[in-house]
file data.csv (CSV, C-alpha atoms and all ligand atoms)
chain,number,residue,atom,x,y,z
H,4,MET,CA,11.7,-21.8,-5.7
H,5,ALA,CA,11.8,-19.9,-2.4
H,6,ASP,CA,9.2,-20.8,0.2
H,7,PHE,CA,6.9,-17.8,0.7
H,8,LYS,CA,6.2,-18.7,4.4
H,9,GLU,CA,10.0,-19.1,5.0
H,10,VAL,CA,10.7,-15.8,3.4
H,11,TYR,CA,8.1,-14.1,5.6
H,12,TYR,CA,9.4,-15.5,8.8
H,13,GLN,CA,13.0,-14.8,7.9
H,14,LEU,CA,12.1,-11.1,7.3
H,15,LEU,CA,10.0,-10.9,10.4
H,16,ASP,CA,12.8,-12.4,12.5
H,17,ALA,CA,15.3,-10.0,11.0
H,18,PHE,CA,13.3,-6.7,11.0
H,19,GLY,CA,10.4,-7.3,13.4
H,20,PRO,CA,6.8,-6.0,12.9
H,21,GLN,CA,6.7,-2.8,10.9
H,22,GLY,CA,3.6,-1.1,12.3
H,23,TRP,CA,1.9,-0.4,8.9
H,24,TRP,CA,-0.2,1.5,7.9
H,25,PRO,CA,1.1,4.6,9.7
H,26,ILE,CA,-1.6,6.8,11.1
H,27,ASP,CA,-0.8,10.4,12.2
H,28,GLY,CA,2.8,9.6,11.2
H,29,LYS,CA,3.1,6.8,13.8
H,30,TYR,CA,4.2,3.3,13.1
H,31,ILE,CA,3.1,1.1,16.1
H,32,ALA,CA,4.8,-2.3,15.7
H,33,GLY,CA,2.5,-5.3,16.0
H,34,ASP,CA,-0.6,-3.2,16.3
H,35,TYR,CA,-3.1,-4.4,13.7
H,36,SER,CA,-6.1,-2.6,15.3
H,37,LYS,CA,-6.0,0.3,12.9
H,38,PRO,CA,-8.0,1.8,11.2
H,39,ALA,CA,-10.2,2.3,14.2
H,40,SER,CA,-12.4,5.1,12.8
H,41,GLU,CA,-13.7,6.5,9.5
H,42,SER,CA,-11.1,9.2,9.6
H,43,GLN,CA,-8.3,6.7,10.0
H,44,MET,CA,-9.8,4.7,7.1
H,45,LEU,CA,-9.9,7.9,5.0
H,46,GLU,CA,-6.3,8.7,5.9
H,47,ILE,CA,-5.1,5.4,4.6
H,48,CYS,CA,-7.1,5.8,1.3
H,49,ILE,CA,-5.8,9.3,0.8
H,50,GLY,CA,-2.3,8.1,1.6
H,51,ALA,CA,-2.6,5.3,-0.9
H,52,ILE,CA,-3.4,7.8,-3.7
H,53,LEU,CA,-0.8,10.4,-2.6
H,54,THR,CA,2.0,7.8,-2.3
H,55,GLN,CA,1.9,7.0,-6.1
H,56,ASN,CA,5.3,7.8,-7.5
H,57,THR,CA,6.7,9.5,-4.4
H,58,ASN,CA,8.2,8.7,-1.1
H,59,TRP,CA,6.3,8.6,2.1
H,60,SER,CA,7.9,11.7,3.7
H,61,ASN,CA,6.4,13.8,0.9
H,62,VAL,CA,3.0,12.2,1.5
H,63,GLU,CA,3.1,13.0,5.3
H,64,LYS,CA,3.5,16.7,4.6
H,65,ALA,CA,0.5,16.6,2.2
H,66,LEU,CA,-1.6,14.7,4.8
H,67,GLU,CA,-0.8,17.3,7.4
H,68,GLY,CA,-1.8,20.1,5.1
H,69,LEU,CA,-5.1,18.4,4.4
H,70,LYS,CA,-5.7,17.9,8.1
H,71,ASN,CA,-4.9,21.5,9.0
H,72,ALA,CA,-7.3,22.7,6.3
H,73,ARG,CA,-10.0,20.5,7.8
H,74,LEU,CA,-10.5,18.6,4.6
H,75,PHE,CA,-10.5,15.1,6.1
H,76,THR,CA,-14.0,14.0,5.1
H,77,LEU,CA,-15.3,12.7,1.8
H,78,LYS,CA,-17.7,15.6,1.6
H,79,HIS,CA,-15.1,18.3,2.1
H,80,LEU,CA,-12.7,16.6,-0.3
H,81,SER,CA,-15.2,16.3,-3.0
H,82,ALA,CA,-16.4,20.0,-2.5
H,83,VAL,CA,-13.0,21.7,-2.3
H,84,SER,CA,-11.7,23.3,-5.5
H,85,GLU,CA,-9.1,21.4,-7.5
H,86,LYS,CA,-6.8,24.4,-7.3
H,87,LYS,CA,-6.9,24.7,-3.5
H,88,LEU,CA,-6.5,20.9,-3.1
H,89,SER,CA,-3.5,20.9,-5.5
H,90,ALA,CA,-1.8,23.6,-3.5
H,91,LEU,CA,-2.3,21.7,-0.2
H,92,ILE,CA,-0.9,18.4,-1.6
H,93,ARG,CA,1.9,20.0,-3.6
H,94,SER,CA,4.7,18.2,-1.7
H,95,SER,CA,3.4,14.8,-2.9
H,96,GLY,CA,4.3,15.5,-6.5
H,97,TYR,CA,2.0,15.2,-9.6
H,98,PHE,CA,-0.2,17.3,-7.4
H,99,ARG,CA,-2.7,18.4,-10.1
H,100,GLN,CA,-3.4,14.8,-11.1
H,101,LYS,CA,-3.6,13.6,-7.5
H,102,ALA,CA,-6.0,16.4,-6.6
H,103,LYS,CA,-8.3,15.3,-9.4
H,104,LYS,CA,-7.9,11.6,-8.2
H,105,LEU,CA,-8.8,12.5,-4.6
H,106,LYS,CA,-11.8,14.5,-5.7
H,107,LEU,CA,-13.1,11.7,-8.0
H,108,PHE,CA,-12.5,9.1,-5.3
H,109,ALA,CA,-14.3,11.2,-2.6
H,110,ALA,CA,-17.2,12.0,-4.9
H,111,HIS,CA,-17.6,8.4,-5.9
H,112,LEU,CA,-17.6,7.1,-2.3
H,113,LEU,CA,-20.1,9.7,-1.2
H,114,LYS,CA,-22.9,7.5,-2.4
H,115,TYR,CA,-22.2,5.2,0.5
H,116,ASP,CA,-23.1,6.0,4.1
H,117,SER,CA,-19.5,5.6,5.1
H,118,LEU,CA,-16.2,4.0,4.1
H,119,THR,CA,-17.0,1.2,6.6
H,120,SER,CA,-20.2,0.3,4.7
H,121,PHE,CA,-18.3,0.5,1.4
H,122,PHE,CA,-15.6,-1.8,2.6
H,123,ASN,CA,-18.2,-4.2,4.1
H,124,HIS,CA,-19.0,-5.4,0.6
H,125,PRO,CA,-17.3,-8.5,-0.8
H,126,THR,CA,-13.6,-8.0,-1.9
H,127,LYS,CA,-14.4,-8.5,-5.6
H,128,VAL,CA,-17.1,-5.9,-5.5
H,129,VAL,CA,-15.1,-3.3,-3.7
H,130,ARG,CA,-12.0,-3.9,-5.9
H,131,GLU,CA,-14.0,-3.6,-9.1
H,132,GLU,CA,-15.6,-0.4,-7.9
H,133,LEU,CA,-12.3,1.1,-6.8
H,134,LEU,CA,-10.7,0.2,-10.2
H,135,SER,CA,-13.5,1.9,-12.0
H,136,ILE,CA,-12.5,5.3,-10.5
H,137,TRP,CA,-10.0,7.3,-12.7
H,138,GLY,CA,-6.5,7.2,-11.2
H,139,ILE,CA,-6.9,4.1,-9.1
H,140,GLY,CA,-4.9,1.1,-10.4
H,141,PRO,CA,-4.4,-2.3,-8.8
H,142,GLU,CA,-1.7,-1.4,-6.4
H,143,THR,CA,-3.7,1.6,-5.0
H,144,ALA,CA,-6.9,-0.3,-4.9
H,145,ASP,CA,-5.3,-3.3,-3.1
H,146,SER,CA,-3.5,-1.0,-0.6
H,147,MET,CA,-6.9,0.5,0.3
H,148,LEU,CA,-8.5,-3.0,0.4
H,149,LEU,CA,-5.9,-4.5,2.7
H,150,TYR,CA,-4.9,-1.6,4.9
H,151,ALA,CA,-8.1,0.4,5.1
H,152,GLY,CA,-10.8,-2.3,4.5
H,153,LYS,CA,-8.9,-5.2,6.0
H,154,HIS,CA,-9.6,-7.5,3.1
H,155,PRO,CA,-7.1,-10.4,2.6
H,156,ILE,CA,-5.5,-9.3,-0.6
H,157,PHE,CA,-1.8,-9.0,-1.2
H,158,VAL,CA,-0.4,-5.7,-2.4
H,159,ILE,CA,2.2,-6.0,-5.2
H,160,ASP,CA,4.6,-3.1,-5.9
H,161,ALA,CA,7.8,-2.5,-7.7
H,162,TYR,CA,9.8,-3.6,-4.6
H,163,THR,CA,7.9,-6.9,-4.4
H,164,LYS,CA,8.6,-7.6,-8.0
H,165,ARG,CA,12.3,-6.7,-7.6
H,166,ILE,CA,12.8,-9.0,-4.6
H,167,MET,CA,10.6,-11.9,-5.7
H,168,SER,CA,12.4,-11.9,-9.1
H,169,ARG,CA,15.8,-11.8,-7.5
H,170,ILE,CA,15.0,-14.7,-5.2
H,171,GLY,CA,13.9,-16.7,-8.2
H,172,VAL,CA,10.1,-16.7,-7.8
H,173,CYS,CA,9.3,-14.7,-11.0
H,174,GLU,CA,10.7,-12.5,-13.8
H,175,GLN,CA,11.2,-8.8,-13.0
H,176,ASP,CA,8.5,-7.8,-15.4
H,177,VAL,CA,6.0,-10.3,-14.0
H,178,ASP,CA,2.3,-9.4,-14.4
H,179,TYR,CA,0.8,-7.8,-11.2
H,180,HIS,CA,-2.0,-10.3,-10.9
H,181,ALA,CA,0.2,-13.3,-11.7
H,182,LEU,CA,2.5,-12.5,-8.8
H,183,GLN,CA,-0.4,-11.6,-6.5
H,184,GLY,CA,-1.8,-15.0,-7.4
H,185,GLU,CA,1.4,-16.7,-6.2
H,186,PHE,CA,1.1,-15.0,-2.8
H,187,HIS,CA,-2.5,-16.0,-2.5
H,188,LYS,CA,-1.6,-19.6,-3.5
H,189,TYR,CA,1.2,-20.1,-1.0
H,190,LEU,CA,-0.1,-18.1,2.0
H,191,ASP,CA,-3.3,-18.4,4.0
H,192,ALA,CA,-5.7,-15.5,3.5
H,193,ASP,CA,-4.7,-13.6,6.6
H,194,VAL,CA,-5.0,-9.8,6.7
H,195,GLU,CA,-2.4,-9.3,9.5
H,196,LYS,CA,0.2,-11.5,7.7
H,197,PHE,CA,-0.5,-9.8,4.3
H,198,ASN,CA,-0.2,-6.4,6.0
H,199,GLU,CA,3.2,-7.4,7.7
H,200,PHE,CA,4.7,-9.3,4.7
H,201,HIS,CA,4.2,-6.4,2.3
H,202,ALA,CA,5.7,-3.9,4.8
H,203,LEU,CA,8.6,-6.2,5.4
H,204,LEU,CA,9.3,-6.5,1.7
H,205,VAL,CA,9.3,-2.7,1.4
H,206,GLU,CA,11.8,-2.6,4.3
H,207,LEU,CA,14.0,-5.2,2.7
H,208,ALA,CA,14.0,-3.2,-0.6
H,209,LYS,CA,15.1,-0.1,1.2
H,210,ARG,CA,17.7,-1.7,3.5
H,211,ASN,CA,19.3,-4.4,1.3
H,212,CYS,CA,17.6,-5.2,-2.0
H,213,THR,CA,18.1,-1.8,-3.6
H,214,LYS,CA,17.7,-1.2,-7.3
H,215,SER,CA,21.5,-1.2,-7.9
H,216,ASN,CA,24.3,-2.6,-5.7
H,217,PRO,CA,22.1,-4.6,-3.3
H,218,SER,CA,23.7,-5.4,0.1
H,219,CYS,CA,23.5,-9.1,-0.2
H,220,SER,CA,26.1,-10.0,2.5
H,221,THR,CA,23.8,-8.6,5.3
H,222,CYS,CA,20.5,-9.6,3.7
H,223,PRO,CA,18.3,-12.0,5.7
H,224,LEU,CA,17.4,-13.9,2.5
H,225,ASN,CA,20.9,-14.4,1.3
H,226,GLN,CA,21.0,-18.2,2.1
H,227,SER,CA,18.1,-18.9,-0.3
H,228,CYS,CA,18.4,-16.1,-2.8
H,229,GLU,CA,19.1,-17.3,-6.3
H,230,ARG,CA,20.5,-14.1,-7.7
H,231,ILE,CA,22.8,-12.7,-5.0
H,232,GLY,CA,24.5,-9.5,-6.1
H,233,VAL,CA,22.5,-8.8,-9.3
D,301,LIG,S1,20.5,-11.6,-1.3
D,301,LIG,FE1,20.7,-9.7,-2.4
D,301,LIG,S2,19.5,-9.9,-4.4
D,301,LIG,FE2,18.9,-11.5,-2.9
D,301,LIG,S3,17.1,-10.6,-1.9
D,301,LIG,FE3,18.9,-10.2,-0.6
D,301,LIG,S4,19.6,-8.2,-1.2
D,301,LIG,FE4,18.2,-8.9,-2.8

call {"tool": "encode", "arguments": {"input": "data.csv", "output": "structure tokens"}}
result
Amino acid sequence: MADFKEVYYQLLDAFGPQGWWPIDGKYIAGDYSKPASESQMLEICIGAILTQNTNWSNVEKALEGLKNARLFTLKHLSAVSEKKLSALIRSSGYFRQKAKKLKLFAAHLLKYDSLTSFFNHPTKVVREELLSIWGIGPETADSMLLYAGKHPIFVIDAYTKRIMSRIGVCEQDVDYHALQGEFHKYLDADVEKFNEFHALLVELAKRNCTKSNPSCSTCPLNQSCERIGV
């Protein structure tokens, strides 16, 4: 089976740091200081909901709309009408559902003094609470935990499943938590590394390990991949 650490360093050597999570549309490679404020934390949480089933460029337009409408606080998000919110985030797709999700998320988190105090609770507690909110599944909750709350938890997505199954770590339909458990087993619980590794896997999936016709000849993992060309 592929060595998780080796895969990480091969990707890092090939692509360099990715600068996730983008704030204000900027990716700053190797900067792990974000989020540095409540508003940046909220931007990541909103982005994690809006990016469900769409690409990031559509999310950026929606984030800009929300900022221009001065809705970037939990209080404002929970108070705005679903209709107005839907219109503002239309570009992100599934906008009615996502407006409802954003409002429920904001209303739920309002009981805390701040997002900082919410994320200061133990990982298990924060995760269970996030998962109890309608519309927040494991991938969204873990994205918030890792990128907004800086908890050492690995985010699994369809790209991760695709790549890890092709290099021989798991089956394509692997269970979310089973694959997450493998990352936690073979890597140290390191927020910066988890941040970077997930971003690198997304980059690989876009550049080389595409759904059909992967570009294996230029893939940084092609020496160790078990299923070149699938
Ligand atoms: S060698 Fe091909 S199948 Fe394997 S990870 Fe790279 S792009 Fe994907």

call {"tool": "residues_near_point", "arguments": {"input": "data.csv", "point": "(-15.5, 4.5, 7.1)", "cutoff": "12 Å", "atoms": "all atoms listed in the file", "output": "PyMOL selection string"}}
result
chain H and resi 37-48+75-77+109+112-113+115-123+147+151-153

call {"tool": "residues_near_point", "arguments": {"input": "data.csv", "point": "(1.3, -17.1, -6.0)", "cutoff": "12 Å", "atoms": "all atoms listed in the file", "output": "MDAnalysis selection string"}}
result
chainID H and resid 4:8 156:157 159 167 172:173 177:192

call {"tool": "residues_around", "arguments": {"input": "data.csv", "residues": "Arg210 of chain H", "least_positions_apart": "5", "cutoff": "10 Å", "atoms": "only C-alpha atoms", "output": "list of chain:residue names"}}
result
H:Leu204, H:Val205, H:Pro217, H:Ser218, H:Thr221, H:Cys222

call {"tool": "closest_atom_pairs", "arguments": {"input": "data.csv", "of": "chain H", "to": "ligand LIG 301 (chain D)", "cutoff": "8 Å", "atoms": "all atoms listed in the file", "output": "Markdown table"}}
result
| residue | atom | partner | partner_atom | distance |
| --- | --- | --- | --- | --- |
| H:Arg165 | CA | D:LIG301 | FE4 | 7.9 |
| H:Ile166 | CA | D:LIG301 | S3 | 5.3 |
| H:Met167 | CA | D:LIG301 | S3 | 7.6 |
| H:Arg169 | CA | D:LIG301 | S2 | 5.2 |
| H:Ile170 | CA | D:LIG301 | FE2 | 5.5 |
| H:Leu207 | CA | D:LIG301 | S4 | 7.5 |
| H:Ala208 | CA | D:LIG301 | FE4 | 7.4 |
| H:Asn211 | CA | D:LIG301 | S4 | 4.6 |
| H:Cys212 | CA | D:LIG301 | S4 | 3.7 |
| H:Thr213 | CA | D:LIG301 | S4 | 7.0 |
| H:Pro217 | CA | D:LIG301 | S4 | 4.9 |
| H:Ser218 | CA | D:LIG301 | S4 | 5.1 |
| H:Cys219 | CA | D:LIG301 | FE1 | 3.6 |
| H:Ser220 | CA | D:LIG301 | S1 | 7.0 |
| H:Thr221 | CA | D:LIG301 | S4 | 7.7 |
| H:Cys222 | CA | D:LIG301 | FE3 | 4.6 |
| H:Pro223 | CA | D:LIG301 | FE3 | 6.6 |
| H:Leu224 | CA | D:LIG301 | FE3 | 5.1 |
| H:Asn225 | CA | D:LIG301 | S1 | 3.8 |
| H:Gln226 | CA | D:LIG301 | S1 | 7.4 |
| H:Ser227 | CA | D:LIG301 | S1 | 7.7 |
| H:Cys228 | CA | D:LIG301 | FE2 | 4.6 |
| H:Glu229 | CA | D:LIG301 | FE2 | 6.7 |
| H:Arg230 | CA | D:LIG301 | S2 | 5.4 |
| H:Ile231 | CA | D:LIG301 | S2 | 4.4 |
| H:Gly232 | CA | D:LIG301 | S2 | 5.3 |
| H:Val233 | CA | D:LIG301 | S2 | 5.8 |

call {"tool": "atom_distance", "arguments": {"input": "data.csv", "atom1": "atom CA of Lys104 of chain H", "atom2": "atom CA of Trp137 of chain H"}}
result
6.6 Å

call {"tool": "atom_distance", "arguments": {"input": "data.csv", "atom1": "atom CA of Phe18 of chain H", "atom2": "atom CA of Leu203 of chain H"}}
result
7.3 Å

call {"tool": "atom_distance", "arguments": {"input": "data.csv", "atom1": "atom CA of Pro125 of chain H", "atom2": "atom CA of Lys196 of chain H"}}
result
19.7 Å

call {"tool": "closest_residue", "arguments": {"input": "data.csv", "among": "H:Leu74, H:Ala51, H:Leu91, H:Leu69", "to": "Leu149 of chain H", "atoms": "only C-alpha atoms"}}
result
H:Ala51

call {"tool": "closest_residue", "arguments": {"input": "data.csv", "among": "H:Asn56, H:Ser36, H:Ser135, H:Asn71", "to": "Ala161 of chain H", "atoms": "only C-alpha atoms"}}
result
H:Asn56

call {"tool": "build_atoms", "arguments": {"input": "data.csv", "residues": "segment 204-215 of chain H", "atoms": "all heavy atoms", "output": "mmCIF file, keeping the file's coordinate frame"}}
result
data_model
loop_
_atom_site.group_PDB
_atom_site.id
_atom_site.type_symbol
_atom_site.label_atom_id
_atom_site.label_comp_id
_atom_site.auth_asym_id
_atom_site.auth_seq_id
_atom_site.Cartn_x
_atom_site.Cartn_y
_atom_site.Cartn_z
ATOM 1 N N LEU H 204 8.670 -6.523 2.979
ATOM 2 C CA LEU H 204 9.300 -6.500 1.700
ATOM 3 C C LEU H 204 9.775 -5.085 1.302
ATOM 4 O O LEU H 204 10.858 -4.885 0.744
ATOM 5 C CB LEU H 204 8.354 -7.049 0.588
ATOM 6 C CG LEU H 204 8.112 -8.568 0.646
ATOM 7 C CD1 LEU H 204 6.919 -8.967 -0.235
ATOM 8 C CD2 LEU H 204 9.354 -9.353 0.220
ATOM 9 N N VAL H 205 8.944 -4.113 1.647
ATOM 10 C CA VAL H 205 9.300 -2.700 1.400
ATOM 11 C C VAL H 205 10.591 -2.394 2.202
ATOM 12 O O VAL H 205 11.534 -1.777 1.698
ATOM 13 C CB VAL H 205 8.170 -1.751 1.768
ATOM 14 C CG1 VAL H 205 8.626 -0.297 1.706
ATOM 15 C CG2 VAL H 205 6.969 -1.976 0.846
ATOM 16 N N GLU H 206 10.618 -2.845 3.443
ATOM 17 C CA GLU H 206 11.800 -2.600 4.300
ATOM 18 C C GLU H 206 13.047 -3.237 3.724
ATOM 19 O O GLU H 206 14.117 -2.637 3.706
ATOM 20 C CB GLU H 206 11.478 -3.144 5.710
ATOM 21 C CG GLU H 206 12.469 -2.760 6.771
ATOM 22 C CD GLU H 206 12.546 -1.254 7.033
ATOM 23 O OE1 GLU H 206 11.635 -0.514 6.645
ATOM 24 O OE2 GLU H 206 13.569 -0.835 7.613
ATOM 25 N N LEU H 207 12.891 -4.485 3.246
ATOM 26 C CA LEU H 207 14.000 -5.200 2.700
ATOM 27 C C LEU H 207 14.562 -4.434 1.424
ATOM 28 O O LEU H 207 15.769 -4.297 1.213
ATOM 29 C CB LEU H 207 13.688 -6.625 2.285
ATOM 30 C CG LEU H 207 14.851 -7.414 1.673
ATOM 31 C CD1 LEU H 207 15.921 -7.738 2.703
ATOM 32 C CD2 LEU H 207 14.363 -8.709 1.018
ATOM 33 N N ALA H 208 13.615 -3.955 0.613
ATOM 34 C CA ALA H 208 14.000 -3.200 -0.600
ATOM 35 C C ALA H 208 14.772 -1.970 -0.274
ATOM 36 O O ALA H 208 15.667 -1.553 -1.005
ATOM 37 C CB ALA H 208 12.770 -2.911 -1.434
ATOM 38 N N LYS H 209 14.421 -1.351 0.832
ATOM 39 C CA LYS H 209 15.100 -0.100 1.200
ATOM 40 C C LYS H 209 16.455 -0.402 1.890
ATOM 41 O O LYS H 209 17.436 0.274 1.647
ATOM 42 C CB LYS H 209 14.231 0.698 2.161
ATOM 43 C CG LYS H 209 13.051 1.321 1.434
ATOM 44 C CD LYS H 209 12.188 2.087 2.391
ATOM 45 C CE LYS H 209 11.016 2.715 1.656
ATOM 46 N NZ LYS H 209 10.008 3.208 2.581
ATOM 47 N N ARG H 210 16.456 -1.430 2.760
ATOM 48 C CA ARG H 210 17.700 -1.700 3.500
ATOM 49 C C ARG H 210 18.739 -2.457 2.695
ATOM 50 O O ARG H 210 19.912 -2.154 2.734
ATOM 51 C CB ARG H 210 17.388 -2.596 4.722
ATOM 52 C CG ARG H 210 16.672 -1.904 5.840
ATOM 53 C CD ARG H 210 16.834 -2.756 7.084
ATOM 54 N NE ARG H 210 15.813 -2.493 8.068
ATOM 55 C CZ ARG H 210 15.921 -2.855 9.340
ATOM 56 N NH1 ARG H 210 16.986 -3.505 9.758
ATOM 57 N NH2 ARG H 210 14.954 -2.599 10.188
ATOM 58 N N ASN H 211 18.306 -3.503 1.995
ATOM 59 C CA ASN H 211 19.300 -4.400 1.300
ATOM 60 C C ASN H 211 19.061 -4.502 -0.165
ATOM 61 O O ASN H 211 20.002 -4.321 -0.939
ATOM 62 C CB ASN H 211 19.175 -5.819 1.916
ATOM 63 C CG ASN H 211 19.555 -5.892 3.367
ATOM 64 O OD1 ASN H 211 18.702 -5.721 4.229
ATOM 65 N ND2 ASN H 211 20.828 -6.139 3.657
ATOM 66 N N CYS H 212 17.829 -4.825 -0.564
ATOM 67 C CA CYS H 212 17.600 -5.200 -2.000
ATOM 68 C C CYS H 212 17.298 -3.949 -2.809
ATOM 69 O O CYS H 212 16.237 -3.819 -3.411
ATOM 70 C CB CYS H 212 16.480 -6.222 -2.057
ATOM 71 S SG CYS H 212 16.629 -7.232 -3.537
ATOM 72 N N THR H 213 18.278 -3.049 -2.818
ATOM 73 C CA THR H 213 18.100 -1.800 -3.600
ATOM 74 C C THR H 213 18.220 -2.056 -5.066
ATOM 75 O O THR H 213 18.718 -3.107 -5.488
ATOM 76 C CB THR H 213 19.234 -0.819 -3.125
ATOM 77 O OG1 THR H 213 20.472 -1.553 -3.098
ATOM 78 C CG2 THR H 213 18.978 -0.268 -1.743
ATOM 79 N N LYS H 214 17.793 -1.067 -5.835
ATOM 80 C CA LYS H 214 17.700 -1.200 -7.300
ATOM 81 C C LYS H 214 19.119 -1.612 -7.837
ATOM 82 O O LYS H 214 19.257 -2.560 -8.601
ATOM 83 C CB LYS H 214 17.230 0.056 -7.926
ATOM 84 C CG LYS H 214 16.648 -0.128 -9.288
ATOM 85 C CD LYS H 214 15.891 1.126 -9.692
ATOM 86 C CE LYS H 214 15.255 0.935 -11.039
ATOM 87 N NZ LYS H 214 14.459 2.106 -11.433
ATOM 88 N N SER H 215 20.124 -0.832 -7.470
ATOM 89 C CA SER H 215 21.500 -1.200 -7.900
ATOM 90 C C SER H 215 22.343 -1.438 -6.639
ATOM 91 O O SER H 215 22.043 -0.902 -5.569
ATOM 92 C CB SER H 215 22.095 -0.111 -8.762
ATOM 93 O OG SER H 215 21.986 1.115 -8.101
#
